[in-house]
file data-v1.pdb (PDB, C-alpha atoms, pLDDT in the B column)
ATOM      1  CA  MET A   1       0.000   0.000   0.000  1.00 55.00           C
ATOM      2  CA  GLU A   2       1.319   3.441  -0.917  1.00 63.00           C
ATOM      3  CA  VAL A   3       1.026   6.309   1.555  1.00 73.00           C
ATOM      4  CA  SER A   4      -1.017   9.148   0.095  1.00 80.00           C
ATOM      5  CA  ARG A   5      -0.074  12.804   0.306  1.00 83.00           C
ATOM      6  CA  LYS A   6      -2.905  13.477   2.766  1.00 85.00           C
ATOM      7  CA  GLN A   7      -1.731  10.635   4.957  1.00 84.00           C
ATOM      8  CA  ARG A   8       1.830  11.989   4.961  1.00 86.00           C
ATOM      9  CA  ILE A   9       0.595  15.447   5.953  1.00 91.00           C
ATOM     10  CA  ALA A  10      -1.577  14.025   8.731  1.00 89.00           C
ATOM     11  CA  LEU A  11       1.298  11.873   9.960  1.00 89.00           C
ATOM     12  CA  ARG A  12       3.685  14.809  10.083  1.00 91.00           C
ATOM     13  CA  ALA A  13       1.109  16.850  11.997  1.00 94.00           C
ATOM     14  CA  CYS A  14       0.798  14.016  14.531  1.00 93.00           C
ATOM     15  CA  TRP A  15       4.588  13.855  14.819  1.00 90.00           C
ATOM     16  CA  ALA A  16       4.708  17.603  15.476  1.00 94.00           C
ATOM     17  CA  VAL A  17       2.038  17.377  18.187  1.00 95.00           C
ATOM     18  CA  ALA A  18       3.745  14.387  19.817  1.00 93.00           C
ATOM     19  CA  GLY A  19       7.141  16.099  19.625  1.00 92.00           C
ATOM     20  CA  GLY A  20       5.757  19.234  21.268  1.00 95.00           C
ATOM     21  CA  ALA A  21       4.095  17.220  24.018  1.00 94.00           C
ATOM     22  CA  MET A  22       7.324  15.317  24.606  1.00 91.00           C
ATOM     23  CA  ALA A  23       9.278  18.563  24.900  1.00 93.00           C
ATOM     24  CA  ILE A  24       6.767  19.893  27.455  1.00 95.00           C
ATOM     25  CA  LEU A  25       6.976  16.619  29.406  1.00 92.00           C
ATOM     26  CA  ALA A  26      10.780  16.709  29.443  1.00 90.00           C
ATOM     27  CA  ILE A  27      10.875  20.343  30.589  1.00 94.00           C
ATOM     28  CA  GLN A  28       8.454  19.625  33.422  1.00 93.00           C
ATOM     29  CA  PHE A  29      10.344  16.519  34.541  1.00 91.00           C
ATOM     30  CA  VAL A  30      13.716  18.270  34.469  1.00 89.00           C
ATOM     31  CA  THR A  31      12.717  21.637  35.942  1.00 93.00           C
ATOM     32  CA  GLY A  32       9.533  20.911  37.906  1.00 91.00           C
ATOM     33  CA  VAL A  33       8.373  24.353  36.834  1.00 92.00           C
ATOM     34  CA  GLY A  34       4.663  23.550  37.166  1.00 89.00           C
ATOM     35  CA  GLY A  35       4.967  22.034  40.614  1.00 92.00           C
ATOM     36  CA  ASP A  36       4.646  18.503  41.958  1.00 92.00           C
ATOM     37  CA  GLY A  37       0.978  18.247  41.033  1.00 92.00           C
ATOM     38  CA  VAL A  38       1.691  18.910  37.368  1.00 94.00           C
ATOM     39  CA  THR A  39       4.598  16.477  37.372  1.00 92.00           C
ATOM     40  CA  GLU A  40       2.401  13.758  38.870  1.00 89.00           C
ATOM     41  CA  ALA A  41      -0.390  14.436  36.374  1.00 91.00           C
ATOM     42  CA  PHE A  42       2.058  14.358  33.459  1.00 92.00           C
ATOM     43  CA  GLN A  43       3.511  11.106  34.761  1.00 88.00           C
ATOM     44  CA  LYS A  44       0.084   9.496  34.920  1.00 85.00           C
ATOM     45  CA  TYR A  45      -1.517  10.861  31.770  1.00 90.00           C
ATOM     46  CA  LEU A  46       0.750  12.660  29.311  1.00 93.00           C
ATOM     47  CA  TYR A  47       3.564  10.119  29.598  1.00 91.00           C
ATOM     48  CA  ASN A  48       1.221   7.202  28.862  1.00 91.00           C
ATOM     49  CA  ALA A  49      -0.485   9.140  26.082  1.00 93.00           C
ATOM     50  CA  LEU A  50       2.897   9.621  24.409  1.00 93.00           C
ATOM     51  CA  LEU A  51       3.650   5.916  24.761  1.00 92.00           C
ATOM     52  CA  PHE A  52       0.357   5.089  23.071  1.00 93.00           C
ATOM     53  CA  ALA A  53       1.223   7.619  20.359  1.00 94.00           C
ATOM     54  CA  GLY A  54       4.512   5.822  19.753  1.00 93.00           C
ATOM     55  CA  ALA A  55       2.688   2.509  19.540  1.00 95.00           C
ATOM     56  CA  GLY A  56       0.192   4.102  17.180  1.00 95.00           C
ATOM     57  CA  PHE A  57       2.930   5.301  14.824  1.00 94.00           C
ATOM     58  CA  CYS A  58       4.445   1.806  14.682  1.00 94.00           C
ATOM     59  CA  LEU A  59       1.089   0.094  14.151  1.00 95.00           C
ATOM     60  CA  TRP A  60       0.102   2.640  11.507  1.00 93.00           C
ATOM     61  CA  ARG A  61       3.369   1.915   9.673  1.00 92.00           C
ATOM     62  CA  ALA A  62       2.645  -1.813   9.815  1.00 94.00           C
ATOM     63  CA  ALA A  63      -0.877  -1.313   8.479  1.00 92.00           C
ATOM     64  CA  ALA A  64      -0.060   1.246   5.784  1.00 89.00           C
ATOM     65  CA  VAL A  65       3.168  -0.125   4.287  1.00 90.00           C
ATOM     66  CA  ARG A  66       3.665  -3.761   3.355  1.00 89.00           C
ATOM     67  CA  ARG A  67       7.468  -3.656   3.474  1.00 90.00           C
ATOM     68  CA  GLU A  68       8.796  -4.466   6.967  1.00 92.00           C
ATOM     69  CA  ARG A  69       5.266  -4.881   8.255  1.00 94.00           C
ATOM     70  CA  LEU A  70       6.124  -7.596  10.786  1.00 96.00           C
ATOM     71  CA  PRO A  71       8.897  -5.783  12.716  1.00 95.00           C
ATOM     72  CA  TRP A  72       6.830  -2.612  13.065  1.00 95.00           C
ATOM     73  CA  LEU A  73       3.811  -4.621  14.182  1.00 97.00           C
ATOM     74  CA  ILE A  74       5.927  -6.342  16.844  1.00 97.00           C
ATOM     75  CA  MET A  75       7.384  -3.032  18.049  1.00 95.00           C
ATOM     76  CA  GLY A  76       3.951  -1.423  18.223  1.00 96.00           C
ATOM     77  CA  LEU A  77       2.592  -4.291  20.308  1.00 96.00           C
ATOM     78  CA  ALA A  78       5.683  -4.164  22.527  1.00 96.00           C
ATOM     79  CA  ILE A  79       5.052  -0.491  23.317  1.00 95.00           C
ATOM     80  CA  VAL A  80       1.383  -1.273  23.988  1.00 96.00           C
ATOM     81  CA  SER A  81       2.518  -3.948  26.458  1.00 96.00           C
ATOM     82  CA  TRP A  82       4.866  -1.508  28.226  1.00 95.00           C
ATOM     83  CA  THR A  83       2.147   1.131  28.430  1.00 94.00           C
ATOM     84  CA  ALA A  84      -0.383  -1.382  29.734  1.00 95.00           C
ATOM     85  CA  ALA A  85       2.093  -2.283  32.473  1.00 94.00           C
ATOM     86  CA  ASP A  86       2.440   1.381  33.479  1.00 91.00           C
ATOM     87  CA  ILE A  87      -1.313   1.884  33.567  1.00 92.00           C
ATOM     88  CA  TYR A  88      -1.935  -1.371  35.432  1.00 92.00           C
ATOM     89  CA  TRP A  89       0.689  -0.554  38.064  1.00 89.00           C
ATOM     90  CA  THR A  90      -0.636   2.987  38.537  1.00 86.00           C
ATOM     91  CA  ALA A  91      -4.242   1.837  38.823  1.00 86.00           C
ATOM     92  CA  VAL A  92      -3.700  -1.205  41.056  1.00 88.00           C
ATOM     93  CA  TYR A  93      -0.449  -0.915  43.016  1.00 86.00           C
ATOM     94  CA  ALA A  94       0.770   2.696  43.024  1.00 77.00           C
ATOM     95  CA  ASP A  95      -0.484   3.336  46.562  1.00 78.00           C
ATOM     96  CA  ASP A  96       0.012  -0.210  47.871  1.00 79.00           C
ATOM     97  CA  ALA A  97       2.991  -0.462  50.214  1.00 77.00           C
ATOM     98  CA  SER A  98       2.856  -4.264  50.001  1.00 82.00           C
ATOM     99  CA  ALA A  99       2.507  -4.564  46.219  1.00 82.00           C
ATOM    100  CA  PRO A 100       3.583  -7.989  44.913  1.00 86.00           C
ATOM    101  CA  TYR A 101       6.919  -8.340  43.156  1.00 86.00           C
ATOM    102  CA  PRO A 102       7.040  -9.647  40.535  1.00 89.00           C
ATOM    103  CA  SER A 103       3.557  -8.742  39.376  1.00 90.00           C
ATOM    104  CA  VAL A 104       1.502  -8.799  36.188  1.00 92.00           C
ATOM    105  CA  ALA A 105       2.981  -5.387  35.417  1.00 93.00           C
ATOM    106  CA  ASP A 106       6.505  -6.837  35.430  1.00 94.00           C
ATOM    107  CA  ALA A 107       5.490  -9.510  32.949  1.00 94.00           C
ATOM    108  CA  LEU A 108       4.095  -6.821  30.635  1.00 95.00           C
ATOM    109  CA  TRP A 109       7.195  -4.643  31.031  1.00 94.00           C
ATOM    110  CA  LEU A 110       9.604  -7.488  30.366  1.00 94.00           C
ATOM    111  CA  VAL A 111       7.819  -8.508  27.157  1.00 95.00           C
ATOM    112  CA  PHE A 112       9.179  -5.290  25.665  1.00 94.00           C
ATOM    113  CA  TYR A 113      12.778  -6.531  25.619  1.00 91.00           C
ATOM    114  CA  PRO A 114      12.538  -9.692  23.490  1.00 89.00           C
ATOM    115  CA  ALA A 115      10.043  -7.940  21.226  1.00 93.00           C
ATOM    116  CA  SER A 116      12.555  -5.109  20.683  1.00 91.00           C
ATOM    117  CA  TRP A 117      15.349  -7.576  19.925  1.00 87.00           C
ATOM    118  CA  VAL A 118      13.187  -9.368  17.369  1.00 89.00           C
ATOM    119  CA  THR A 119      12.217  -6.055  15.772  1.00 92.00           C
ATOM    120  CA  LEU A 120      15.839  -4.965  15.452  1.00 89.00           C
ATOM    121  CA  PHE A 121      16.907  -8.341  14.070  1.00 86.00           C
ATOM    122  CA  LEU A 122      14.190  -8.279  11.409  1.00 89.00           C
ATOM    123  CA  LEU A 123      15.036  -4.708  10.403  1.00 90.00           C
ATOM    124  CA  VAL A 124      18.743  -5.544  10.187  1.00 87.00           C
ATOM    125  CA  ARG A 125      17.987  -8.563   8.013  1.00 84.00           C
ATOM    126  CA  SER A 126      15.810  -6.389   5.771  1.00 88.00           C
ATOM    127  CA  ARG A 127      18.115  -3.388   5.494  1.00 85.00           C
ATOM    128  CA  MET A 128      21.648  -4.669   6.123  1.00 82.00           C
ATOM    129  CA  GLY A 129      21.574  -8.234   4.873  1.00 72.00           C
ATOM    130  CA  ASN A 130      24.543  -7.572   2.562  1.00 70.00           C
ATOM    131  CA  ALA A 131      26.782  -5.909   5.155  1.00 61.00           C
ATOM    132  CA  ARG A 132      30.473  -6.760   4.843  1.00 63.00           C
ATOM    133  CA  ALA A 133      32.107  -9.094   7.354  1.00 57.00           C
ATOM    134  CA  SER A 134      34.293  -6.256   8.645  1.00 61.00           C
ATOM    135  CA  LEU A 135      31.190  -4.260   9.542  1.00 60.00           C
ATOM    136  CA  TRP A 136      29.737  -7.215  11.432  1.00 60.00           C
ATOM    137  CA  LEU A 137      33.008  -7.374  13.381  1.00 62.00           C
ATOM    138  CA  ASP A 138      32.879  -3.631  14.108  1.00 63.00           C
ATOM    139  CA  GLY A 139      29.335  -3.984  15.368  1.00 60.00           C
ATOM    140  CA  LEU A 140      30.211  -6.953  17.572  1.00 63.00           C
ATOM    141  CA  ILE A 141      33.200  -5.147  19.101  1.00 69.00           C
ATOM    142  CA  GLY A 142      31.093  -2.065  19.791  1.00 64.00           C
ATOM    143  CA  ALA A 143      28.300  -4.123  21.342  1.00 64.00           C
ATOM    144  CA  VAL A 144      30.660  -6.017  23.637  1.00 67.00           C
ATOM    145  CA  GLY A 145      32.404  -2.781  24.657  1.00 70.00           C
ATOM    146  CA  VAL A 146      29.143  -1.021  25.572  1.00 65.00           C
ATOM    147  CA  ALA A 147      27.806  -4.038  27.468  1.00 63.00           C
ATOM    148  CA  ALA A 148      31.075  -4.416  29.389  1.00 67.00           C
ATOM    149  CA  LEU A 149      31.177  -0.718  30.320  1.00 66.00           C
ATOM    150  CA  ALA A 150      27.551  -0.646  31.421  1.00 59.00           C
ATOM    151  CA  ALA A 151      28.000  -3.850  33.403  1.00 60.00           C
ATOM    152  CA  ALA A 152      31.074  -2.466  35.156  1.00 63.00           C
ATOM    153  CA  LEU A 153      29.229   0.726  36.108  1.00 58.00           C
ATOM    154  CA  GLY A 154      25.905  -0.677  37.236  1.00 53.00           C
ATOM    155  CA  TYR A 155      25.361  -4.389  37.023  1.00 54.00           C
ATOM    156  CA  GLY A 156      27.475  -5.351  40.049  1.00 56.00           C
ATOM    157  CA  THR A 157      25.550  -2.926  42.245  1.00 56.00           C
ATOM    158  CA  VAL A 158      22.227  -4.392  41.158  1.00 54.00           C
ATOM    159  CA  VAL A 159      23.400  -7.925  41.864  1.00 54.00           C
ATOM    160  CA  HIS A 160      24.701  -6.867  45.289  1.00 57.00           C
ATOM    161  CA  GLN A 161      21.498  -5.144  46.284  1.00 56.00           C
ATOM    162  CA  GLY A 162      19.334  -7.927  44.914  1.00 51.00           C
ATOM    163  CA  GLY A 163      20.952 -10.647  46.978  1.00 51.00           C
ATOM    164  CA  ALA A 164      22.098 -12.787  44.071  1.00 48.00           C
ATOM    165  CA  GLY A 165      22.674 -15.769  46.343  1.00 52.00           C
ATOM    166  CA  ASP A 166      18.923 -16.364  46.401  1.00 57.00           C
ATOM    167  CA  LEU A 167      17.693 -16.948  42.864  1.00 58.00           C
ATOM    168  CA  GLY A 168      14.031 -16.558  43.680  1.00 70.00           C
ATOM    169  CA  ALA A 169      11.426 -14.913  41.454  1.00 79.00           C
ATOM    170  CA  GLU A 170      12.043 -11.491  42.995  1.00 80.00           C
ATOM    171  CA  VAL A 171      15.808 -11.565  42.398  1.00 73.00           C
ATOM    172  CA  LEU A 172      15.466 -12.957  38.877  1.00 77.00           C
ATOM    173  CA  THR A 173      12.937 -10.266  38.005  1.00 82.00           C
ATOM    174  CA  ASN A 174      15.164  -7.593  39.506  1.00 79.00           C
ATOM    175  CA  LEU A 175      18.071  -8.812  37.378  1.00 77.00           C
ATOM    176  CA  ALA A 176      16.011  -9.204  34.213  1.00 80.00           C
ATOM    177  CA  TYR A 177      15.682  -5.435  33.762  1.00 85.00           C
ATOM    178  CA  PRO A 178      19.407  -4.544  33.704  1.00 79.00           C
ATOM    179  CA  VAL A 179      20.172  -7.626  31.607  1.00 78.00           C
ATOM    180  CA  GLY A 180      17.509  -6.538  29.116  1.00 82.00           C
ATOM    181  CA  ASP A 181      18.790  -2.963  29.116  1.00 83.00           C
ATOM    182  CA  LEU A 182      22.437  -3.984  28.629  1.00 80.00           C
ATOM    183  CA  THR A 183      21.566  -6.385  25.836  1.00 80.00           C
ATOM    184  CA  LEU A 184      19.437  -3.775  24.085  1.00 83.00           C
ATOM    185  CA  LEU A 185      22.224  -1.184  24.291  1.00 82.00           C
ATOM    186  CA  GLY A 186      24.685  -3.720  22.917  1.00 81.00           C
ATOM    187  CA  VAL A 187      22.425  -4.593  19.988  1.00 82.00           C
ATOM    188  CA  ILE A 188      21.950  -0.901  19.138  1.00 85.00           C
ATOM    189  CA  VAL A 189      25.704  -0.298  19.108  1.00 82.00           C
ATOM    190  CA  ALA A 190      26.172  -3.414  16.963  1.00 81.00           C
ATOM    191  CA  ILE A 191      23.680  -2.071  14.423  1.00 84.00           C
ATOM    192  CA  PHE A 192      25.421   1.297  14.329  1.00 84.00           C
ATOM    193  CA  GLY A 193      28.659  -0.589  13.696  1.00 79.00           C
ATOM    194  CA  LEU A 194      27.041  -2.520  10.850  1.00 80.00           C
ATOM    195  CA  SER A 195      26.127   0.787   9.238  1.00 82.00           C
ATOM    196  CA  GLY A 196      29.784   1.811   9.279  1.00 79.00           C
ATOM    197  CA  TRP A 197      28.923   4.196  12.141  1.00 82.00           C
ATOM    198  CA  ARG A 198      26.697   6.144   9.735  1.00 86.00           C
ATOM    199  CA  PRO A 199      23.294   4.806  10.741  1.00 84.00           C
ATOM    200  CA  GLY A 200      21.109   7.359   8.992  1.00 86.00           C
ATOM    201  CA  LEU A 201      18.144   9.202  10.444  1.00 86.00           C
ATOM    202  CA  ALA A 202      15.749   6.246  10.785  1.00 85.00           C
ATOM    203  CA  TRP A 203      18.215   4.036  12.637  1.00 88.00           C
ATOM    204  CA  LEU A 204      19.425   6.977  14.694  1.00 89.00           C
ATOM    205  CA  VAL A 205      15.928   7.882  15.921  1.00 87.00           C
ATOM    206  CA  LEU A 206      15.019   4.262  16.668  1.00 87.00           C
ATOM    207  CA  GLY A 207      18.352   3.525  18.332  1.00 86.00           C
ATOM    208  CA  VAL A 208      18.418   6.668  20.462  1.00 85.00           C
ATOM    209  CA  GLY A 209      14.806   6.098  21.523  1.00 85.00           C
ATOM    210  CA  LEU A 210      15.502   2.542  22.660  1.00 84.00           C
ATOM    211  CA  ALA A 211      18.764   3.584  24.323  1.00 81.00           C
ATOM    212  CA  LEU A 212      17.031   6.370  26.257  1.00 80.00           C
ATOM    213  CA  ASN A 213      14.418   3.895  27.412  1.00 79.00           C
ATOM    214  CA  ALA A 214      17.196   1.608  28.635  1.00 74.00           C
ATOM    215  CA  VAL A 215      19.207   4.224  30.544  1.00 69.00           C
ATOM    216  CA  TRP A 216      16.512   6.712  31.646  1.00 64.00           C
ATOM    217  CA  ILE A 217      13.448   4.675  32.620  1.00 54.00           C
ATOM    218  CA  ARG A 218      15.470   2.493  34.882  1.00 50.00           C
TER
END
call {"tool": "encode", "arguments": {"input": "data-v1.pdb", "output": "structure tokens"}}
result
Amino acid sequence: MEVSRKQRIALRACWAVAGGAMAILAIQFVTGVGGDGVTEAFQKYLYNALLFAGAGFCLWRAAAVRRERLPWLIMGLAIVSWTAADIYWTAVYADDASAPYPSVADALWLVFYPASWVTLFLLVRSRMGNARASLWLDGLIGAVGVAALAAALGYGTVVHQGGAGDLGAEVLTNLAYPVGDLTLLGVIVAIFGLSGWRPGLAWLVLGVGLALNAVWIR
């Protein structure tokens, strides 16, 4: 299916609105200029609305364009799962001092990681299937370097605090998040390496977005 001119205009307008809302959210989170009440409201409503917008863009891409339909469908559903986890946690456990851990929300959050890996793999296969062996090596070296650095800075602390001697559900869940984040960062660096460190706008936006999710949300 070809995207019509009207659809492109509407899509760009939606991007502009979402970009403006994201800028407002970031300013409020960083500066707190509107006060704690505004920050809390943005956290509950605007943040989740932007997540749904991101899912909507991915799902629209999957529906409107046949090429690479599967990876964008998977990514859209992954963002829906993450957003559902946020909403579920806020609605059910936000004010519960004895909230269960792990919970249904954790299952929904953790789905995001393998779905993201699958999406990236499918996009790499579609767009970089003919990459030279030297570029694969560059990507692998970059991925290992980023994972090692991130592990040295943060992973040991998480293991210490989590009580790694007891591999119960709580500890495994606690470790699953940094493992997912480190792996995702490594994959992104590997892809940038495959591009010869010239990823282009599409890869740059997708990679930076996933990287920010890995280092900021946590």
call {"tool": "closest_residue", "arguments": {"input": "data-v1.pdb", "among": "A:Ala62, A:Leu51, A:Val179, A:Ala13", "to": "A:Trp82", "atoms": "all atoms listed in the file"}}
result
A:Leu51
call {"tool": "residues_near_point", "arguments": {"input": "data-v1.pdb", "point": "(14.1, -2.7, 32.3)", "cutoff": "8 Å", "atoms": "only C-alpha atoms", "output": "list in words"}}
result
Trp109, Leu110, Tyr113, Ala176, Tyr177, Pro178, Val179, Gly180, Asp181, Ala214, Ile217 and Arg218 of chain A
call {"tool": "residues_near_point", "arguments": {"input": "data-v1.pdb", "point": "(11.2, -15.5, 37.3)", "cutoff": "12 Å", "atoms": "all atoms listed in the file", "output": "number ranges by chain"}}
result
A: 101-104, 106-107, 110, 166-177
call {"tool": "write_last_selection", "arguments": {"input": "data-v1.pdb", "atoms": "C-alpha atoms", "output": "short mmCIF file (atom, residue, chain, number, x, y, z; two decimals), in the frame of the given file"}}
result
data_model
loop_
_atom_site.label_atom_id
_atom_site.label_comp_id
_atom_site.auth_asym_id
_atom_site.auth_seq_id
_atom_site.Cartn_x
_atom_site.Cartn_y
_atom_site.Cartn_z
CA TYR A 101 6.92 -8.34 43.16
CA PRO A 102 7.04 -9.65 40.53
CA SER A 103 3.56 -8.74 39.38
CA VAL A 104 1.50 -8.80 36.19
CA ASP A 106 6.50 -6.84 35.43
CA ALA A 107 5.49 -9.51 32.95
CA LEU A 110 9.60 -7.49 30.37
CA ASP A 166 18.92 -16.36 46.40
CA LEU A 167 17.69 -16.95 42.86
CA GLY A 168 14.03 -16.56 43.68
CA ALA A 169 11.43 -14.91 41.45
CA GLU A 170 12.04 -11.49 43.00
CA VAL A 171 15.81 -11.56 42.40
CA LEU A 172 15.47 -12.96 38.88
CA THR A 173 12.94 -10.27 38.01
CA ASN A 174 15.16 -7.59 39.51
CA LEU A 175 18.07 -8.81 37.38
CA ALA A 176 16.01 -9.20 34.21
CA TYR A 177 15.68 -5.44 33.76
#
call {"tool": "atom_distance", "arguments": {"input": "data-v1.pdb", "atom1": "atom CA of A:Leu73", "atom2": "atom CA of A:Leu210"}}
result
16.1 Å
call {"tool": "atom_distance", "arguments": {"input": "data-v1.pdb", "atom1": "atom CA of A:Val205", "atom2": "atom CA of A:Thr90"}}
result
28.5 Å
call {"tool": "atom_distance", "arguments": {"input": "data-v1.pdb", "atom1": "atom CA of A:Arg127", "atom2": "atom CA of A:Phe192"}}
result
12.4 Å
call {"tool": "closest_residue", "arguments": {"input": "data-v1.pdb", "among": "A:Ile87, A:Leu77, A:Ala99, A:Ala18", "to": "A:Lys44", "atoms": "only C-alpha atoms"}}
result
A:Ile87
call {"tool": "closest_residue", "arguments": {"input": "data-v1.pdb", "among": "A:Ala84, A:Leu212, A:Leu194, A:Val124", "to": "A:Phe52", "atoms": "all atoms listed in the file"}}
result
A:Ala84
call {"tool": "closest_residue", "arguments": {"input": "data-v1.pdb", "among": "A:Ala91, A:Leu206, A:Met75, A:Ala115", "to": "A:Trp60", "atoms": "only C-alpha atoms"}}
result
A:Met75
call {"tool": "closest_residue", "arguments": {"input": "data-v1.pdb", "among": "A:Gly186, A:Pro199, A:Gly34, A:Gly209", "to": "A:Trp117", "atoms": "all atoms listed in the file"}}
result
A:Gly186
